[in-house]
$ cat final-v1.csv   # CSV, C-alpha atoms
chain,number,residue,atom,x,y,z
A,1,MET,CA,0.0,0.0,0.0
A,2,LYS,CA,2.8,2.5,0.9
A,3,ARG,CA,4.6,1.7,-2.3
A,4,ASP,CA,1.4,2.3,-4.3
A,5,LEU,CA,0.9,5.7,-2.6
A,6,LYS,CA,4.5,6.7,-3.3
A,7,LEU,CA,3.9,5.8,-7.0
A,8,LEU,CA,0.7,7.9,-7.0
A,9,ALA,CA,2.6,10.8,-5.5
A,10,ARG,CA,5.2,10.6,-8.3
A,11,ARG,CA,2.5,10.5,-10.9
A,12,ASN,CA,0.6,13.4,-9.3
A,13,VAL,CA,3.8,15.5,-9.3
A,14,SER,CA,4.5,14.7,-13.0
A,15,LEU,CA,1.0,15.6,-14.0
A,16,ALA,CA,0.9,18.8,-11.8
A,17,LYS,CA,4.1,20.0,-13.5
A,18,VAL,CA,2.3,19.8,-16.9
A,19,LYS,CA,-1.1,21.3,-15.7
A,20,TRP,CA,0.3,24.1,-13.5
A,21,PHE,CA,3.8,24.6,-14.7
A,22,ASN,CA,3.5,28.4,-14.4
A,23,GLU,CA,2.6,28.4,-10.8
A,24,LEU,CA,3.9,25.2,-9.3
A,25,GLY,CA,6.6,25.9,-6.7
A,26,ARG,CA,8.7,23.6,-4.5
A,27,HIS,CA,6.3,24.0,-1.5
A,28,HIS,CA,3.4,23.1,-3.8
A,29,ILE,CA,5.2,19.8,-4.7
A,30,GLN,CA,5.9,19.0,-1.1
A,31,ALA,CA,2.3,19.6,-0.2
A,32,LEU,CA,1.1,17.5,-3.1
A,33,ARG,CA,3.3,14.6,-2.1
A,34,PHE,CA,1.9,14.7,1.5
A,35,LEU,CA,-1.7,14.9,0.2
A,36,SER,CA,-1.0,12.0,-2.2
A,37,GLU,CA,0.6,9.7,0.4
A,38,SER,CA,-1.7,10.6,3.3
A,39,TYR,CA,-5.1,10.6,1.5
A,40,GLY,CA,-4.6,8.9,-1.9
A,41,PHE,CA,-5.8,11.9,-3.8
A,42,ALA,CA,-5.2,11.7,-7.6
A,43,VAL,CA,-4.7,14.7,-9.8
A,44,SER,CA,-5.7,12.8,-12.9
A,45,LEU,CA,-9.2,12.2,-11.4
A,46,GLY,CA,-9.6,15.8,-10.4
A,47,ASP,CA,-9.3,15.2,-6.7
A,48,LEU,CA,-7.1,18.3,-6.2
A,49,LEU,CA,-6.9,21.6,-8.0
A,50,LEU,CA,-4.2,24.4,-7.7
A,51,LEU,CA,-5.9,27.7,-7.9
A,52,GLU,CA,-4.1,31.0,-7.4
A,53,GLY,CA,-1.2,29.2,-5.6
A,54,THR,CA,-3.3,27.2,-3.2
A,55,TRP,CA,-4.3,23.6,-3.2
A,56,TYR,CA,-8.0,22.8,-3.0
A,57,VAL,CA,-9.8,19.4,-2.7
A,58,THR,CA,-12.9,18.7,-4.8
A,59,HIS,CA,-16.2,17.2,-3.9
A,60,ALA,CA,-15.4,14.1,-6.1
A,61,GLY,CA,-12.1,13.7,-4.3
A,62,LEU,CA,-13.7,13.8,-0.9
A,63,LEU,CA,-16.3,11.2,-1.9
A,64,ARG,CA,-13.6,8.9,-3.3
A,65,LEU,CA,-11.7,9.3,0.0
A,66,ALA,CA,-14.8,8.3,2.0
A,67,ALA,CA,-15.4,5.3,-0.3
A,68,ARG,CA,-11.8,4.1,0.1
A,69,ASN,CA,-12.1,4.3,3.9
A,70,ARG,CA,-15.5,2.5,3.9
A,71,CYS,CA,-17.5,5.5,5.2
A,72,ARG,CA,-20.7,4.1,6.8
A,73,GLY,CA,-23.0,6.8,5.5
A,74,ILE,CA,-23.7,10.5,4.8
A,75,GLN,CA,-27.0,12.1,5.9
A,76,VAL,CA,-28.0,15.6,4.9
A,77,GLN,CA,-30.9,17.7,6.2
A,78,GLN,CA,-32.2,21.2,5.6
A,79,VAL,CA,-32.0,23.8,8.3
A,80,ARG,CA,-35.4,25.1,7.7
A,81,GLY,CA,-35.2,28.0,10.1
A,82,LEU,CA,-32.3,29.6,8.2
A,83,CYS,CA,-33.6,29.0,4.7
A,84,ASP,CA,-35.4,31.6,2.6
A,85,PRO,CA,-36.5,30.0,-0.8
A,86,VAL,CA,-37.7,33.3,-2.1
A,87,ALA,CA,-34.3,35.0,-1.6
A,88,GLY,CA,-32.5,31.8,-2.8
A,89,ARG,CA,-30.8,31.3,0.5
A,90,TRP,CA,-30.3,27.7,1.7
A,91,VAL,CA,-28.6,26.1,4.7
A,92,PHE,CA,-27.9,22.4,5.1
A,93,LYS,CA,-26.5,20.3,7.9
A,94,ALA,CA,-24.5,17.1,6.9
A,95,PHE,CA,-23.6,14.1,9.1
A,96,VAL,CA,-20.8,11.7,8.2
A,97,TYR,CA,-20.6,8.3,9.9
A,98,LYS,CA,-17.2,6.7,9.6
A,99,SER,CA,-18.3,3.5,11.3
A,100,PRO,CA,-21.5,2.1,12.8
A,101,SER,CA,-20.6,2.8,16.4
A,102,ALA,CA,-18.8,6.2,15.9
A,103,MET,CA,-20.4,9.6,16.5
A,104,ALA,CA,-21.3,11.7,13.5
A,105,PHE,CA,-19.0,14.4,12.2
A,106,VAL,CA,-21.2,17.5,11.4
A,107,GLY,CA,-20.8,20.1,8.8
A,108,TYR,CA,-22.9,23.1,7.7
A,109,GLY,CA,-23.1,24.6,4.3
A,110,ASP,CA,-24.9,27.7,3.1
A,111,ALA,CA,-25.5,29.3,-0.3
A,112,ASP,CA,-27.3,32.3,-1.7
A,113,PRO,CA,-26.8,34.5,-4.7
A,114,SER,CA,-24.3,36.7,-2.9
A,115,ASN,CA,-21.8,33.8,-2.3
A,116,CYS,CA,-22.3,31.8,-5.5
A,117,SER,CA,-21.1,32.4,-9.0
A,118,THR,CA,-23.7,33.9,-11.4
A,119,LEU,CA,-23.2,30.7,-13.5
A,120,VAL,CA,-25.0,28.7,-10.8
A,121,HIS,CA,-27.7,31.1,-9.8
A,122,GLY,CA,-30.9,29.1,-9.3
A,123,ALA,CA,-29.0,26.1,-8.0
A,124,GLU,CA,-28.1,27.5,-4.6
A,125,MET,CA,-29.9,24.6,-2.8
A,126,ARG,CA,-27.6,22.0,-4.4
A,127,VAL,CA,-24.5,24.2,-3.8
A,128,ALA,CA,-25.4,24.5,-0.1
A,129,GLU,CA,-25.9,20.7,0.2
A,130,THR,CA,-22.6,20.0,-1.4
A,131,ARG,CA,-20.8,22.5,0.8
A,132,ALA,CA,-22.3,20.9,3.9
A,133,VAL,CA,-21.2,17.4,2.8
A,134,ASN,CA,-17.7,18.7,2.0
A,135,ARG,CA,-17.3,20.3,5.4
A,136,ALA,CA,-18.5,17.2,7.2
A,137,LEU,CA,-16.1,14.9,5.2
A,138,ARG,CA,-13.2,17.3,5.7
A,139,LYS,CA,-13.8,17.1,9.5
A,140,ALA,CA,-14.2,13.4,9.5
A,141,TYR,CA,-11.0,12.6,7.6
A,142,GLY,CA,-8.9,15.5,8.9
A,143,ILE,CA,-8.6,17.4,5.6
A,144,GLY,CA,-7.2,20.9,6.2
A,145,LEU,CA,-7.7,22.0,2.7
A,146,CYS,CA,-10.8,24.1,1.7
A,147,SER,CA,-12.9,22.5,-1.0
A,148,VAL,CA,-13.4,24.1,-4.4
A,149,GLU,CA,-17.2,24.0,-4.0
A,150,GLU,CA,-16.9,26.2,-0.9
A,151,LEU,CA,-15.4,29.0,-3.0
A,152,GLY,CA,-18.0,31.5,-4.2
A,153,CYS,CA,-16.8,32.0,-7.7
A,154,LEU,CA,-16.0,28.4,-8.5
A,155,SER,CA,-19.1,26.8,-7.0
A,156,ARG,CA,-21.3,24.7,-9.2
A,157,PRO,CA,-24.2,22.3,-8.7
A,158,SER,CA,-22.2,19.2,-8.1
A,159,GLN,CA,-23.8,15.8,-8.0
A,160,SER,CA,-23.9,15.1,-4.3
A,161,PRO,CA,-25.1,11.6,-3.0
A,162,SER,CA,-28.8,12.6,-2.9
A,163,VAL,CA,-28.9,14.5,-6.3
A,164,PRO,CA,-29.5,12.4,-9.4
A,165,VAL,CA,-27.2,12.9,-12.4
A,166,ASN,CA,-28.8,14.6,-15.4
A,167,ARG,CA,-28.1,12.3,-18.4
A,168,ASN,CA,-28.0,15.2,-20.8
A,169,GLN,CA,-25.4,16.9,-18.7
A,170,ARG,CA,-22.9,14.3,-19.8
A,171,HIS,CA,-22.9,15.5,-23.3
A,172,ASN,CA,-23.1,19.3,-23.2
A,173,GLY,CA,-20.3,21.8,-22.9
A,174,ASN,CA,-20.5,22.1,-19.2
A,175,GLY,CA,-20.3,18.4,-18.2
A,176,SER,CA,-17.6,16.0,-17.3
A,177,THR,CA,-17.4,12.3,-17.7
A,178,ASN,CA,-14.1,11.4,-16.2
A,179,GLY,CA,-13.9,13.3,-12.9
A,180,GLN,CA,-11.9,16.2,-14.4
A,181,PRO,CA,-12.8,19.8,-13.5
A,182,ARG,CA,-15.8,21.0,-15.5
A,183,LEU,CA,-15.3,23.5,-18.3
A,184,ARG,CA,-17.7,25.7,-16.4
A,185,ASP,CA,-15.2,25.9,-13.6
A,186,GLN,CA,-12.3,26.6,-15.9
A,187,LEU,CA,-14.2,29.5,-17.4
A,188,CYS,CA,-15.1,30.8,-13.9
A,189,LEU,CA,-11.4,30.7,-12.9
A,190,LEU,CA,-10.5,32.8,-15.9
A,191,ILE,CA,-13.2,35.3,-15.0
A,192,ARG,CA,-11.9,35.5,-11.5
A,193,GLU,CA,-8.2,35.7,-12.5
A,194,TYR,CA,-8.7,38.5,-15.0
A,195,ASN,CA,-11.6,40.2,-13.2
A,196,LEU,CA,-14.0,39.9,-16.1
A,197,ASP,CA,-17.8,40.4,-16.0
A,198,PRO,CA,-19.4,37.0,-15.9
A,199,ASN,CA,-22.6,38.0,-17.8
A,200,LEU,CA,-20.6,39.6,-20.6
A,201,VAL,CA,-18.3,36.6,-20.9
A,202,LYS,CA,-21.4,34.3,-21.2
A,203,ALA,CA,-22.8,36.5,-23.9
A,204,TYR,CA,-19.5,36.6,-25.7
A,205,ALA,CA,-19.2,32.8,-25.4
A,206,ALA,CA,-22.7,32.2,-26.8
A,207,ASP,CA,-21.9,34.5,-29.8
A,208,PHE,CA,-18.5,32.8,-30.3
A,209,CYS,CA,-20.1,29.3,-30.2
A,210,GLY,CA,-23.0,30.4,-32.5
A,211,THR,CA,-25.7,29.4,-30.0
A,212,GLN,CA,-28.3,31.3,-28.1
A,213,THR,CA,-26.9,30.3,-24.7
A,214,LEU,CA,-23.6,28.8,-23.6
A,215,SER,CA,-25.3,25.7,-22.3
A,216,GLY,CA,-26.5,24.9,-25.8
A,217,ALA,CA,-22.9,24.7,-27.2
A,218,SER,CA,-21.0,21.5,-27.6
A,219,ARG,CA,-18.1,20.6,-25.4
A,220,GLU,CA,-15.6,21.1,-28.3
A,221,LEU,CA,-16.9,24.7,-28.9
A,222,VAL,CA,-16.7,25.6,-25.2
A,223,GLU,CA,-13.2,24.2,-25.0
A,224,SER,CA,-12.3,26.3,-28.0
A,225,PHE,CA,-13.8,29.4,-26.5
A,226,ILE,CA,-12.0,28.9,-23.2
A,227,SER,CA,-8.7,28.6,-25.0
A,228,HIS,CA,-9.5,31.8,-27.0
A,229,LEU,CA,-10.5,33.7,-23.9
A,230,SER,CA,-7.4,32.7,-22.0
A,231,ALA,CA,-5.1,33.7,-24.9
A,232,SER,CA,-6.9,37.0,-25.4
A,233,ALA,CA,-6.7,37.9,-21.7
A,234,LYS,CA,-3.0,37.1,-21.5
A,235,GLU,CA,-2.2,39.0,-24.7
A,236,ASN,CA,-4.1,42.2,-24.0
A,237,ARG,CA,-6.8,42.3,-21.3
A,238,ASP,CA,-7.8,45.9,-22.1
A,239,THR,CA,-8.7,44.9,-25.7
A,240,LEU,CA,-10.6,41.9,-24.4
A,241,VAL,CA,-12.6,44.1,-21.9
A,242,CYS,CA,-13.5,46.4,-24.8
A,243,LYS,CA,-14.8,43.4,-26.7
A,244,LEU,CA,-16.8,42.2,-23.8
A,245,ASN,CA,-18.3,45.7,-23.2
A,246,SER,CA,-19.8,45.6,-26.7
A,247,TYR,CA,-22.1,42.8,-25.4
A,248,ALA,CA,-23.5,45.1,-22.8
A,249,GLN,CA,-25.3,47.0,-25.6
A,250,PRO,CA,-28.8,46.1,-26.7
A,251,GLN,CA,-28.8,43.6,-29.5
A,252,GLU,CA,-30.3,46.0,-32.0
A,253,ALA,CA,-27.6,48.6,-31.3
A,254,LYS,CA,-24.8,46.2,-32.1
A,255,SER,CA,-23.2,46.3,-35.5

$ encode --input "final-v1.csv" --output "structure tokens"
Amino acid sequence: MKRDLKLLARRNVSLAKVKWFNELGRHHIQALRFLSESYGFAVSLGDLLLLEGTWYVTHAGLLRLAARNRCRGIQVQQVRGLCDPVAGRWVFKAFVYKSPSAMAFVGYGDADPSNCSTLVHGAEMRVAETRAVNRALRKAYGIGLCSVEELGCLSRPSQSPSVPVNRNQRHNGNGSTNGQPRLRDQLCLLIREYNLDPNLVKAYAADFCGTQTLSGASRELVESFISHLSASAKENRDTLVCKLNSYAQPQEAKS
């Protein structure tokens, strides 16, 4: 087992050097080796992400960790007194049972339009549930890393244990079939990194992909747009912002 974890750590470091070569430092590599050997996280499966120089664990990575350790169960309940469906505010309480006789580890998660990305507005209930599960799992297994889903800009409606998977989601531009970070999250990271307007980016993306909405574009088109947006932002952010601002005008006023 120890030999397998050391091999996993080497593979993780090799992949991390390819994925994050611009921001990967020696301390990042040391932390990655520790996380790999201690918890069995795999970069290739999207268990860990390096965002703005900090390691984050993902919901998928935490669930796989729980499965490897034969977690007895996860229970989630709504904290009704703190919820306001009209305002889109939801609070959940999650219980993680590591064994039949052990006491539960408890975690709370909240979500509302003010602490969620505009890309997931309308899905705050699922975001709050996922955050609660993540916090409970992190407590149960001693994970000191924050989870990606707890970050406001990068949050998304992840498939938590009690939320069924939408079959159509596997085939559109926002989905993922192999545990890798969703294209939606990659796009949100660019928005945050270059301080772009999310609504204007979505409008630009739909125009670029030739669809009415971004969700109607194929995965290949979304990948192409993300590459284009990243290159444009790196080359000349001011020019990109001017381009985005053109999408703030009414449709009939655009040339």

$ residues_around --input "final-v1.csv" --residues "Ser14 in chain A" --least-positions-apart "6" --cutoff "10 Å" --atoms "all atoms listed in the file" --output "PDB file with C-alpha atoms, in the frame of the given file"
ATOM      1  CA  LEU A   8       0.700   7.900  -7.000  1.00  0.00           C
ATOM      2  CA  ILE A  29       5.200  19.800  -4.700  1.00  0.00           C
ATOM      3  CA  VAL A  43      -4.700  14.700  -9.800  1.00  0.00           C
TER       4      VAL A  43
END

$ atom_distance --input "final-v1.csv" --atom1 "CA of Gln77 in chain A" --atom2 "CA of Phe92 in chain A"
5.7 Å

$ closest_residue --input "final-v1.csv" --among "A:Leu32, A:Val241, A:Ile226, A:Leu214" --to "Leu196 in chain A" --atoms "all atoms listed in the file"
A:Val241

$ closest_residue --input "final-v1.csv" --among "A:Leu151, A:Ala16, A:Ala31, A:Leu137" --to "Asp110 in chain A" --atoms "only C-alpha atoms"
A:Leu151

$ residues_around --input "final-v1.csv" --residues "Glu129 in chain A" --least-positions-apart "3" --cutoff "8 Å" --atoms "all atoms listed in the file" --output "PyMOL selection string"
chain A and resi 76+91-94+109-110+125-126+132-133+160

$ closest_residue --input "final-v1.csv" --among "A:Ser38, A:Ala217, A:Gly53, A:Asp207" --to "Arg26 in chain A" --atoms "only C-alpha atoms"
A:Gly53

$ residues_around --input "final-v1.csv" --residues "Gly61 in chain A" --least-positions-apart "5" --cutoff "9 Å" --atoms "all atoms listed in the file" --output "PDB file with C-alpha atoms, keeping the file's coordinate frame"
ATOM      1  CA  PHE A  41      -5.800  11.900  -3.800  1.00  0.00           C
ATOM      2  CA  ALA A  42      -5.200  11.700  -7.600  1.00  0.00           C
ATOM      3  CA  LEU A  45      -9.200  12.200 -11.400  1.00  0.00           C
ATOM      4  CA  GLY A  46      -9.600  15.800 -10.400  1.00  0.00           C
ATOM      5  CA  ASP A  47      -9.300  15.200  -6.700  1.00  0.00           C
ATOM      6  CA  LEU A  48      -7.100  18.300  -6.200  1.00  0.00           C
ATOM      7  CA  ALA A  66     -14.800   8.300   2.000  1.00  0.00           C
ATOM      8  CA  GLY A 179     -13.900  13.300 -12.900  1.00  0.00           C
TER       9      GLY A 179
END

$ atom_distance --input "final-v1.csv" --atom1 "CA of Glu149 in chain A" --atom2 "CA of Asn134 in chain A"
8.0 Å

$ residues_near_point --input "final-v1.csv" --point "(-8.4, 16.6, -2.5)" --cutoff "10 Å" --atoms "all atoms listed in the file" --output "PyMOL selection string"
chain A and resi 32+35-36+39-43+45-49+55-65+138+143-148

$ closest_residue --input "final-v1.csv" --among "A:Glu52, A:Glu37, A:Asp84, A:Glu193" --to "Asn12 in chain A" --atoms "all atoms listed in the file"
A:Glu37

$ closest_residue --input "final-v1.csv" --among "A:Leu7, A:Val79, A:Leu189, A:Ala205" --to "Leu50 in chain A" --atoms "all atoms listed in the file"
A:Leu189

$ closest_residue --input "final-v1.csv" --among "A:Gly73, A:Gly107, A:Gly142, A:Gly122" --to "Arg89 in chain A" --atoms "all atoms listed in the file"
A:Gly122
